[in-house]
$ cat target14.txt   # compact mmCIF, C-alpha atoms and all ligand atoms
# COMPACT_ATOMS: atom_id res chain seq x y z
CA MET A 182 25.59 -8.55 -8.82
CA ALA A 183 25.71 -5.03 -7.38
CA GLN A 184 23.02 -2.56 -8.41
CA ASN A 185 22.61 1.14 -7.69
CA ILE A 186 19.13 1.83 -6.36
CA LEU A 187 17.32 5.15 -5.96
CA VAL A 188 14.30 5.32 -3.63
CA ILE A 189 11.86 8.19 -4.17
CA GLY A 190 11.04 8.96 -0.54
CA GLU A 191 8.04 10.76 0.93
CA LEU A 192 7.62 12.75 4.10
CA ASP A 193 4.90 12.16 6.65
CA ASP A 194 4.63 15.00 9.19
CA GLY A 195 8.26 15.96 8.56
CA ALA A 196 9.63 12.41 8.99
CA ALA A 197 10.46 9.79 6.37
CA SER A 198 7.23 7.85 5.73
CA THR A 199 6.90 4.19 6.71
CA THR A 200 6.81 3.13 3.06
CA THR A 201 10.03 5.07 2.41
CA LEU A 202 11.76 3.11 5.20
CA GLU A 203 10.33 -0.14 3.81
CA LEU A 204 11.59 0.66 0.30
CA LEU A 205 15.03 1.47 1.73
CA ALA A 206 15.14 -1.92 3.44
CA GLY A 207 14.25 -3.57 0.13
CA ALA A 208 16.79 -1.43 -1.73
CA SER A 209 19.55 -2.41 0.74
CA SER A 210 19.11 -6.08 0.06
CA LEU A 211 18.59 -5.64 -3.69
CA SER A 212 21.67 -3.43 -4.09
CA ASP A 213 24.03 -6.26 -3.19
CA GLY A 214 26.74 -3.76 -2.23
CA GLY A 215 25.77 -1.04 -4.75
CA SER A 216 24.73 2.46 -3.69
CA VAL A 217 21.28 3.23 -2.23
CA GLY A 218 20.08 6.79 -2.73
CA VAL A 219 16.94 8.38 -1.31
CA THR A 220 15.21 11.59 -2.41
CA LEU A 221 13.25 13.62 0.13
CA LEU A 222 11.46 16.83 -0.79
CA GLY A 223 9.71 19.32 1.48
CA ALA A 224 10.04 21.01 4.85
CA GLY A 225 12.19 18.91 7.18
CA ALA A 226 13.69 16.77 4.39
CA SER A 227 17.33 17.25 5.50
CA SER A 228 16.72 16.21 9.08
CA ALA A 229 14.38 13.35 8.04
CA ALA A 230 17.14 12.01 5.79
CA THR A 231 19.32 11.19 8.81
CA SER A 232 16.81 8.49 9.85
CA CYS A 233 16.88 6.83 6.43
CA VAL A 234 18.55 3.59 7.49
CA GLY A 235 19.88 1.70 4.51
CA ALA A 236 20.56 4.77 2.34
CA THR A 237 24.15 5.62 1.44
CA VAL A 238 23.34 9.01 -0.07
CA ALA A 239 20.41 11.40 0.38
CA TYR A 240 19.17 13.90 -2.24
CA VAL A 241 17.15 16.55 -0.44
CA ASN A 242 15.55 19.93 -0.63
CA ASP A 243 13.72 21.55 2.31
CA ASP A 244 11.61 23.89 0.15
CA SER A 245 8.10 23.83 1.67
CA GLU A 246 6.71 24.42 -1.85
CA TYR A 247 7.26 20.66 -2.28
CA ASP A 248 4.91 19.86 0.64
CA SER A 249 1.77 19.84 -1.50
CA PHE A 250 2.66 17.28 -4.11
CA ARG A 251 2.76 18.65 -7.65
CA GLY A 252 4.10 16.22 -10.22
CA ASP A 253 5.95 18.69 -12.43
CA GLN A 254 7.96 20.16 -9.53
CA TRP A 255 8.82 16.75 -8.06
CA LEU A 256 9.70 15.29 -11.45
CA ASN A 257 12.35 17.95 -12.14
CA ALA A 258 14.01 17.37 -8.78
CA ILE A 259 13.87 13.57 -9.09
CA ALA A 260 15.30 13.70 -12.62
CA GLY A 261 18.25 15.60 -11.09
CA ALA A 262 18.79 12.85 -8.51
CA VAL A 263 18.60 10.21 -11.26
CA GLU A 264 21.27 12.08 -13.21
CA SER A 265 23.56 12.27 -10.15
CA SER A 266 23.12 8.69 -9.00
CA SER A 267 22.80 6.77 -12.33
CA PRO A 268 20.56 4.13 -10.74
CA ASP A 269 19.89 0.69 -12.19
CA VAL A 270 16.58 0.63 -10.32
CA VAL A 271 14.22 3.37 -9.10
CA LEU A 272 11.75 2.33 -6.38
CA ILE A 273 8.66 4.43 -5.58
CA ALA A 274 5.77 3.70 -3.23
CA GLN A 275 2.43 2.82 -4.85
CA SER A 276 1.02 6.04 -3.41
CA ILE A 277 -0.50 9.21 -4.89
CA VAL A 278 3.09 10.30 -5.57
CA GLY A 279 4.10 6.96 -7.10
CA ARG A 280 1.04 6.64 -9.30
CA GLU A 281 1.95 9.94 -10.98
CA ILE A 282 5.74 9.99 -10.78
CA GLY A 283 6.23 6.36 -11.95
CA PRO A 284 4.77 6.82 -15.44
CA ARG A 285 6.03 10.41 -15.84
CA LEU A 286 9.59 9.50 -14.85
CA SER A 287 9.62 6.47 -17.15
CA HIS A 288 8.43 8.68 -20.03
CA ARG A 289 11.07 11.31 -19.27
CA LEU A 290 13.87 8.71 -19.08
CA GLY A 291 12.59 6.63 -22.02
CA THR A 292 12.44 3.48 -19.91
CA ALA A 293 9.80 1.12 -18.50
CA VAL A 294 7.81 1.17 -15.27
CA ALA A 295 6.12 -1.73 -13.49
CA MET A 296 3.28 -0.41 -11.36
CA ASP A 297 1.77 -1.82 -8.16
CA CYS A 298 4.46 -4.44 -7.50
CA VAL A 299 4.48 -6.73 -4.48
CA SER A 300 8.06 -7.93 -4.82
CA ILE A 301 11.26 -6.94 -6.58
CA SER A 302 14.30 -9.17 -7.00
CA ASN A 303 17.83 -8.92 -8.27
CA ASP A 304 18.33 -11.98 -10.46
CA GLY A 305 22.08 -11.85 -11.08
CA GLY A 306 21.90 -8.14 -11.93
CA ALA A 307 18.60 -8.38 -13.83
CA THR A 308 15.68 -6.73 -12.04
CA LYS A 309 12.47 -8.74 -11.79
CA ALA A 310 9.21 -7.14 -10.67
CA THR A 311 6.19 -9.16 -9.57
CA ARG A 312 2.68 -7.70 -9.54
CA PRO A 313 -0.87 -9.03 -9.33
CA CYS A 314 -2.76 -9.44 -12.61
CA PHE A 315 -6.26 -10.58 -13.63
CA GLY A 316 -7.75 -8.60 -10.74
CA GLY A 317 -5.47 -10.20 -8.18
CA ASN A 318 -6.16 -13.80 -9.27
CA ALA A 319 -2.61 -14.41 -10.53
CA MET A 320 0.88 -12.95 -10.24
CA ALA A 321 3.01 -11.85 -13.22
CA THR A 322 6.77 -11.37 -13.10
CA TYR A 323 8.35 -8.85 -15.47
CA GLY A 324 11.92 -8.23 -16.59
CA PHE A 325 13.20 -4.91 -17.96
CA GLU A 326 14.97 -4.38 -21.28
CA THR A 327 15.73 -0.72 -20.56
CA SER A 328 17.50 1.01 -17.70
CA PRO A 329 16.82 2.23 -15.11
CA ALA A 330 14.07 -0.21 -14.17
CA ILE A 331 11.31 1.77 -12.43
CA ALA A 332 8.86 0.09 -10.08
CA THR A 333 6.10 1.35 -7.82
CA VAL A 334 5.75 -0.97 -4.85
CA ARG A 335 2.86 -1.66 -2.48
CA ALA A 336 3.19 -0.83 1.21
CA LYS A 337 4.45 -3.64 3.46
CA SER A 338 6.28 -5.42 0.63
CA PHE A 339 9.53 -5.14 2.64
CA GLU A 340 10.26 -5.21 6.39
CA ILE A 341 11.80 -2.02 7.81
CA LEU A 342 15.46 -2.42 8.88
CA GLU A 343 15.64 -2.35 12.69
CA SER A 344 19.21 -1.09 12.80
CA GLY A 345 21.89 0.29 10.51
CA SER A 346 23.34 3.59 9.48
CA GLY A 347 21.83 6.51 7.59
CA PRO A 348 23.27 8.24 4.53
CA ALA A 349 26.97 9.17 4.67
CA THR A 350 26.55 12.00 2.17
CA THR A 351 23.81 14.46 1.32
CA GLU A 352 23.35 16.30 -1.97
CA GLU A 353 21.13 19.34 -2.40
CA LEU A 354 18.45 19.17 -5.11
CA PRO A 355 17.03 22.35 -6.69
CA GLY A 356 14.09 24.20 -5.10
CA ALA A 357 10.55 23.68 -6.36
CA GLY A 358 10.34 26.50 -8.92
CA GLU A 359 7.20 27.24 -10.93
CA SER A 360 4.41 24.69 -11.33
CA ARG A 361 1.80 24.45 -14.05
CA THR A 362 -0.64 23.25 -11.40
CA ALA A 363 -2.29 25.49 -8.82
CA ILE A 364 -3.87 23.90 -5.77
CA ILE A 365 -6.98 25.96 -5.12
CA ALA A 366 -8.33 24.07 -2.10
CA THR A 367 -7.68 20.98 -0.04
CA GLU A 368 -10.19 18.99 1.93
CA GLU A 369 -9.06 16.49 4.50
CA ALA A 370 -11.07 13.27 4.69
CA THR A 371 -12.11 12.69 8.27
CA SER A 372 -11.51 9.20 9.51
CA GLU A 373 -11.02 8.06 13.05
CA GLY A 374 -8.42 5.60 14.23
CA LEU A 375 -6.04 3.67 12.05
CA GLN A 376 -6.03 4.10 8.27
CA ILE A 377 -6.90 0.78 6.62
CA GLN A 378 -3.67 0.86 4.56
CA ASP A 379 -1.60 1.04 7.78
CA ALA A 380 -3.51 -1.41 9.96
CA PRO A 381 -1.92 -4.80 10.67
CA VAL A 382 -5.45 -6.25 10.81
CA VAL A 383 -8.35 -5.32 8.51
CA VAL A 384 -11.84 -6.59 9.29
CA CYS A 385 -14.00 -6.21 6.20
CA GLY A 386 -17.77 -6.41 5.89
CA GLY A 387 -19.67 -7.25 2.71
CA ARG A 388 -23.17 -7.13 1.29
CA GLY A 389 -23.94 -10.46 2.94
CA LEU A 390 -24.22 -8.60 6.27
CA GLY A 391 -27.68 -7.67 5.03
CA GLU A 392 -27.96 -4.21 6.64
CA ALA A 393 -25.89 -1.16 7.52
CA GLU A 394 -26.42 -1.72 11.25
CA ALA A 395 -24.52 -5.00 11.06
CA PHE A 396 -21.32 -3.02 10.49
CA SER A 397 -21.40 -2.29 14.24
CA GLN A 398 -20.50 -5.97 14.71
CA ILE A 399 -17.58 -5.60 12.29
CA GLU A 400 -16.47 -2.55 14.31
CA GLU A 401 -16.83 -4.58 17.48
CA ILE A 402 -14.49 -7.27 16.13
CA ALA A 403 -11.94 -4.57 15.26
CA ALA A 404 -12.30 -2.97 18.71
CA ALA A 405 -11.87 -6.34 20.43
CA ILE A 406 -8.64 -6.92 18.46
CA GLY A 407 -7.46 -3.43 19.45
CA ALA A 408 -7.97 0.11 18.16
CA ASP A 409 -4.21 0.35 17.58
CA LYS A 410 -4.16 -2.83 15.45
CA ALA A 411 -7.39 -3.24 13.54
CA ALA A 412 -9.33 -1.10 11.06
CA VAL A 413 -12.66 -1.70 9.33
CA GLY A 414 -13.00 -2.11 5.57
CA ALA A 415 -16.00 -2.64 3.31
CA SER A 416 -16.71 -4.18 -0.07
CA ARG A 417 -17.90 -1.91 -2.85
CA ALA A 418 -21.34 -3.52 -2.77
CA ALA A 419 -21.66 -2.49 0.89
CA VAL A 420 -20.32 1.00 0.16
CA ASP A 421 -22.64 1.45 -2.83
CA LEU A 422 -25.58 0.59 -0.57
CA GLY A 423 -24.47 3.44 1.70
CA TRP A 424 -23.68 1.06 4.58
CA TYR A 425 -20.10 2.27 5.06
CA PRO A 426 -18.02 5.28 3.89
CA PRO A 427 -16.23 5.11 0.50
CA SER A 428 -12.94 5.93 2.29
CA GLN A 429 -13.03 2.37 3.71
CA GLN A 430 -13.67 0.54 0.42
CA VAL A 431 -11.18 -2.18 -0.40
CA GLY A 432 -10.55 -3.24 -3.98
CA LEU A 433 -9.76 -2.28 -7.52
CA THR A 434 -11.61 1.03 -7.21
CA GLY A 435 -10.94 1.36 -3.49
CA LYS A 436 -7.87 1.02 -1.26
CA VAL A 437 -5.19 -1.61 -1.62
CA VAL A 438 -4.35 -3.15 1.75
CA THR A 439 -1.67 -5.67 2.71
CA PRO A 440 -2.28 -6.39 6.40
CA ASP A 441 -0.95 -9.37 8.34
CA LEU A 442 -4.55 -10.53 8.79
CA TYR A 443 -7.57 -9.82 6.56
CA LEU A 444 -10.87 -11.03 7.96
CA ALA A 445 -13.59 -11.00 5.28
CA VAL A 446 -17.09 -11.29 6.77
CA ALA A 447 -19.91 -12.03 4.30
CA VAL A 448 -17.73 -10.95 1.38
CA SER A 449 -17.94 -13.15 -1.73
CA GLY A 450 -14.33 -12.52 -2.83
CA ALA A 451 -15.04 -11.09 -6.29
CA SER A 452 -11.86 -10.49 -8.31
CA GLN A 453 -12.28 -6.69 -8.11
CA HIS A 454 -12.43 -6.96 -4.31
CA MET A 455 -9.48 -9.32 -4.08
CA ALA A 456 -7.39 -6.91 -6.21
CA GLY A 457 -7.31 -4.77 -3.07
CA CYS A 458 -6.48 -7.40 -0.47
CA SER A 459 -4.96 -10.50 -2.08
CA GLY A 460 -1.50 -9.34 -0.89
CA SER A 461 -2.58 -9.80 2.75
CA LYS A 462 -0.37 -12.24 4.66
CA THR A 463 -3.31 -14.31 5.96
CA ILE A 464 -6.89 -14.12 4.71
CA VAL A 465 -9.69 -15.57 6.81
CA GLY A 466 -13.23 -15.82 5.46
CA ILE A 467 -16.59 -16.08 7.17
CA ASN A 468 -19.22 -17.00 4.60
CA ARG A 469 -22.24 -19.25 4.47
CA ASP A 470 -21.60 -20.29 0.85
CA GLU A 471 -19.14 -23.14 0.66
CA GLU A 472 -18.59 -22.36 -3.05
CA ALA A 473 -17.71 -18.67 -2.43
CA ASN A 474 -14.66 -17.33 -4.27
CA ILE A 475 -13.17 -16.10 -0.98
CA TRP A 476 -12.12 -19.71 -0.24
CA SER A 477 -9.68 -19.61 -3.17
CA PHE A 478 -7.71 -16.97 -1.24
CA SER A 479 -8.32 -17.86 2.41
CA ARG A 480 -5.89 -19.74 4.59
CA TYR A 481 -8.64 -20.31 7.16
CA GLY A 482 -12.38 -20.04 6.92
CA ILE A 483 -15.61 -20.59 8.78
CA ILE A 484 -18.57 -21.72 6.69
CA GLY A 485 -21.81 -20.55 8.27
CA ASP A 486 -24.07 -17.65 9.13
CA TYR A 487 -22.07 -14.67 10.36
CA LYS A 488 -24.92 -13.85 12.75
CA GLN A 489 -23.98 -16.92 14.76
CA ILE A 490 -20.24 -16.84 14.20
CA VAL A 491 -19.43 -13.16 14.80
CA PRO A 492 -20.91 -12.83 18.34
CA ALA A 493 -19.00 -15.97 19.41
CA LEU A 494 -15.83 -14.60 17.81
CA ILE A 495 -16.21 -11.26 19.62
CA GLU A 496 -16.70 -13.06 22.92
CA GLU A 497 -13.56 -15.15 22.41
CA LEU A 498 -11.52 -12.10 21.34
CA LYS A 499 -12.65 -10.23 24.46
CA LYS A 500 -11.74 -13.21 26.64
CA ALA A 501 -8.31 -13.41 25.00
CA ALA A 502 -7.82 -9.68 25.68
CA GLY A 503 -8.88 -10.22 29.32
CA ASN A 504 -12.07 -8.11 29.08
C1 LIG A 601 -15.03 -2.02 -12.60
C2 LIG A 601 -15.42 -2.62 -11.29
C3 LIG A 601 -14.72 -2.24 -10.16
C4 LIG A 601 -15.05 -2.79 -8.93
N1 LIG A 601 -14.33 -2.43 -7.82
C5 LIG A 601 -14.61 -3.03 -6.64
C6 LIG A 601 -13.85 -2.70 -5.48
O1 LIG A 601 -12.97 -1.85 -5.48
N2 LIG A 601 -14.15 -3.34 -4.33
C7 LIG A 601 -15.15 -4.28 -4.25
O2 LIG A 601 -15.36 -4.83 -3.16
N3 LIG A 601 -15.88 -4.59 -5.33
C8 LIG A 601 -15.64 -3.96 -6.51
N4 LIG A 601 -16.42 -4.27 -7.57
C9 LIG A 601 -17.64 -5.07 -7.37
C10 LIG A 601 -17.40 -6.57 -7.31
O3 LIG A 601 -17.44 -7.11 -8.61
C11 LIG A 601 -18.45 -7.26 -6.44
O4 LIG A 601 -19.72 -6.96 -6.95
C12 LIG A 601 -18.42 -6.87 -4.96
O5 LIG A 601 -17.11 -6.99 -4.47
C13 LIG A 601 -19.34 -7.79 -4.18
O6 LIG A 601 -19.35 -7.38 -2.84
P1 LIG A 601 -19.72 -8.40 -1.72
O7 LIG A 601 -18.78 -9.55 -1.74
O8 LIG A 601 -19.83 -7.63 -0.45
O9 LIG A 601 -21.20 -8.84 -2.09
P2 LIG A 601 -21.79 -10.16 -2.71
O10 LIG A 601 -21.11 -10.53 -3.96
O11 LIG A 601 -23.24 -9.97 -2.74
O12 LIG A 601 -21.40 -11.29 -1.66
C14 LIG A 601 -21.99 -11.40 -0.39
C15 LIG A 601 -21.44 -12.66 0.26
O13 LIG A 601 -21.97 -12.77 1.55
C16 LIG A 601 -22.31 -14.12 1.79
N5 LIG A 601 -23.39 -14.12 2.79
C17 LIG A 601 -24.67 -13.70 2.62
N6 LIG A 601 -25.33 -13.80 3.79
C18 LIG A 601 -24.44 -14.31 4.70
C19 LIG A 601 -24.56 -14.65 6.08
N7 LIG A 601 -25.67 -14.46 6.77
N8 LIG A 601 -23.45 -15.14 6.68
C20 LIG A 601 -22.29 -15.33 6.00
N9 LIG A 601 -22.15 -15.04 4.70
C21 LIG A 601 -23.21 -14.53 4.07
C22 LIG A 601 -22.75 -14.68 0.46
O14 LIG A 601 -22.58 -16.07 0.43
C23 LIG A 601 -21.81 -13.94 -0.49
O15 LIG A 601 -20.64 -14.71 -0.73
C24 LIG A 601 -16.11 -3.72 -8.82
C25 LIG A 601 -16.81 -4.11 -9.98
C26 LIG A 601 -16.47 -3.55 -11.18
C27 LIG A 601 -17.22 -3.99 -12.41

$ encode --input "target14.txt" --output "structure tokens" --more "lines below"
Ligand SMILES: Cc1cc2nc3c(=O)[nH]c(=O)nc-3n(C[C@H](O)[C@H](O)[C@H](O)COP(=O)(O)OP(=O)(O)OC[C@H]3O[C@@H](n4cnc5c(N)ncnc54)[C@H](O)[C@@H]3O)c2cc1C
Amino acid sequence: MAQNILVIGELDDGAASTTTLELLAGASSLSDGGSVGVTLLGAGASSAATSCVGATVAYVNDDSEYDSFRGDQWLNAIAGAVESSSPDVVLIAQSIVGREIGPRLSHRLGTAVAMDCVSISNDGGATKATRPCFGGNAMATYGFETSPAIATVRAKSFEILESGSGPATTEELPGAGESRTAIIATEEATSEGLQIQDAPVVVCGGRGLGEAEAFSQIEEIAAAIGADKAAVGASRAAVDLGWYPPSQQVGLTGKVVTPDLYLAVAVSGASQHMAGCSGSKTIVGINRDEEANIWSFSRYGIIGDYKQIVPALIEELKKAAGN
């Protein structure tokens, strides 16, 4: 049954972000012939909207005041797009924007929000949202009794549409107006290479490495896979020991990653860690404990001492890459 879907888009350097394009792909299939709207706010929004494959209508405003996200300003504009498009479903990325806008929009509209979803389906016109629960150890599927259904969705939950047309119509949303929040300073976290949330491969080191220096081996695995493909993550235990920066922590209190491949080296697989990576397509463990919890999640695993396994793995990866 057809559904009207509204995607709350985000800009990344003036272009529609990857997660926006993913959500539009998901919205296209969920809509079953209904309309797919996308909101884009900030400098370059109008031109970015033309690349929003899968959207039938774009709701934009190019006001650069929207560039630094402030919830109250965004919420007013988004509420306007909701009023114009009367969506059955509102999809938002599980990002800084989504974490704030999801609950605030649901409160404003008097409806429900499902946060941190990994899949959304249209079950004969009824929206179903699936999200991890019990720290990533199980999945729960929710239905909605109120409309619109609002869901924040993890990155890489949908595949971007390779071809198709952009929005046929564009509607102008109001400018940013006053905000109750003043941004007094911004500090950019420095990190080299791929962000762990974007990397198709994440190689993660845990406390079982035994020392900070061993992270150079984890970095070597990532480098052998390719600087454009792999990023390094760390468990909280390793981060708390000061072995790796907090920006690379995976888990409940760290980043949520959904790569194609997650290689967990000397990581036990505690539920709080798995909450950040259980959505990975393939999990591979290297652990000397054959009872470790990581095996409950891994498709493949090597039981043994990483000190013997990792050098051999690096050698094979280098051979495969022709180095
Ligand atoms: C509220 C809360 C939030 C939390 N948030 C997070 C979070 O965001 N992210 C997170 O990671 N954790 C989080 N934790 C901590 C979590 O519970 C675990 O303590 C942590 O994930 C353990 O990290 P680890 O697997 O690296 O270490 P350990 O549990 O110590 O596991 C080390 C593993 O290495 C293996 N090992 C040891 N030596 C070797 C060797 N030579 N070769 C191969 N394997 C070896 C061991 O068998 C073991 O399985 C949180 C905890 C709480 C209470």

$ atom_distance --input "target14.txt" --atom1 "atom CA of A:Ala411" --atom2 "atom CA of A:Val431"
14.5 Å

$ residues_around --input "target14.txt" --residues "A:Pro492" --least-positions-apart "5" --cutoff "9 Å" --atoms "all atoms listed in the file" --output "list in words"
Gln398, Ile402, Tyr487 and Glu497 of chain A

$ write_last_selection --input "target14.txt" --atoms "C-alpha atoms" --output "short mmCIF file (atom, residue, chain, number, x, y, z; two decimals), keeping the file's coordinate frame"
data_model
loop_
_atom_site.label_atom_id
_atom_site.label_comp_id
_atom_site.auth_asym_id
_atom_site.auth_seq_id
_atom_site.Cartn_x
_atom_site.Cartn_y
_atom_site.Cartn_z
CA GLN A 398 -20.50 -5.97 14.71
CA ILE A 402 -14.49 -7.27 16.13
CA TYR A 487 -22.07 -14.67 10.36
CA GLU A 497 -13.56 -15.15 22.41
#

$ closest_residue --input "target14.txt" --among "A:Ala502, A:Ala419, A:Arg251, A:Gly190" --to "A:Gly407" --atoms "only C-alpha atoms"
A:Ala502

$ residues_near_ligand --input "target14.txt" --ligand "ligand LIG 601 (chain A)" --cutoff "8 Å" --atoms "all atoms listed in the file" --output "PyMOL selection string"
chain A and resi 386-391+415-419+430-436+446-457+467-471+473-475+484-488

$ closest_residue --input "target14.txt" --among "A:Gly218, A:Gly235, A:Pro426, A:Pro440" --to "A:Thr351" --atoms "only C-alpha atoms"
A:Gly218

$ closest_residue --input "target14.txt" --among "A:Glu203, A:Glu353, A:Asp304, A:Glu246" --to "A:Ile259" --atoms "all atoms listed in the file"
A:Glu353

$ atom_distance --input "target14.txt" --atom1 "atom CA of A:Pro329" --atom2 "atom CA of A:Val188"
12.2 Å

$ residues_around --input "target14.txt" --residues "A:Glu340" --least-positions-apart "6" --cutoff "9 Å" --atoms "only C-alpha atoms" --output "list in words"
Leu202, Glu203, Leu204, Ala206 and Gly207 of chain A

$ atom_distance --input "target14.txt" --atom1 "atom CA of A:Ser228" --atom2 "atom CA of A:Leu354"
14.6 Å

$ closest_residue --input "target14.txt" --among "A:Ser287, A:Thr292, A:Ser212, A:Thr350" --to "A:Glu326" --atoms "only C-alpha atoms"
A:Thr292

$ closest_residue --input "target14.txt" --among "A:Leu222, A:Ala258, A:Cys385, A:Leu211" --to "A:Ser245" --atoms "all atoms listed in the file"
A:Leu222

$ residues_around --input "target14.txt" --residues "stretch 266-272 of chain A" --least-positions-apart "2" --cutoff "8 Å" --atoms "all atoms listed in the file" --output "number ranges by chain"
A: 184-189, 204, 208, 218, 262-264, 274, 308, 328-334

$ closest_residue --input "target14.txt" --among "A:Ala236, A:Ile483, A:Cys298, A:Met320" --to "A:Gly347" --atoms "only C-alpha atoms"
A:Ala236

$ axis_aligned_box --input "target14.txt" --around "stretch 414-420 of chain A" --padding-each-side "3 Å" --output "AutoDock Vina command-line options"
--center_x -17.3 --center_y -1.6 --center_z 1.4 --size_x 14.7 --size_y 11.2 --size_z 14.4

$ residues_near_point --input "target14.txt" --point "(3.6, -11.4, -7.3)" --cutoff "12 Å" --atoms "all atoms listed in the file" --output "list in words"
Ala295, Met296, Asp297, Cys298, Val299, Ser300, Ile301, Ser302, Lys309, Ala310, Thr311, Arg312, Pro313, Cys314, Phe315, Gly317, Asn318, Ala319, Met320, Ala321, Thr322, Tyr323, Val334, Arg335, Ser338, Ala456, Ser459, Gly460 and Ser461 of chain A
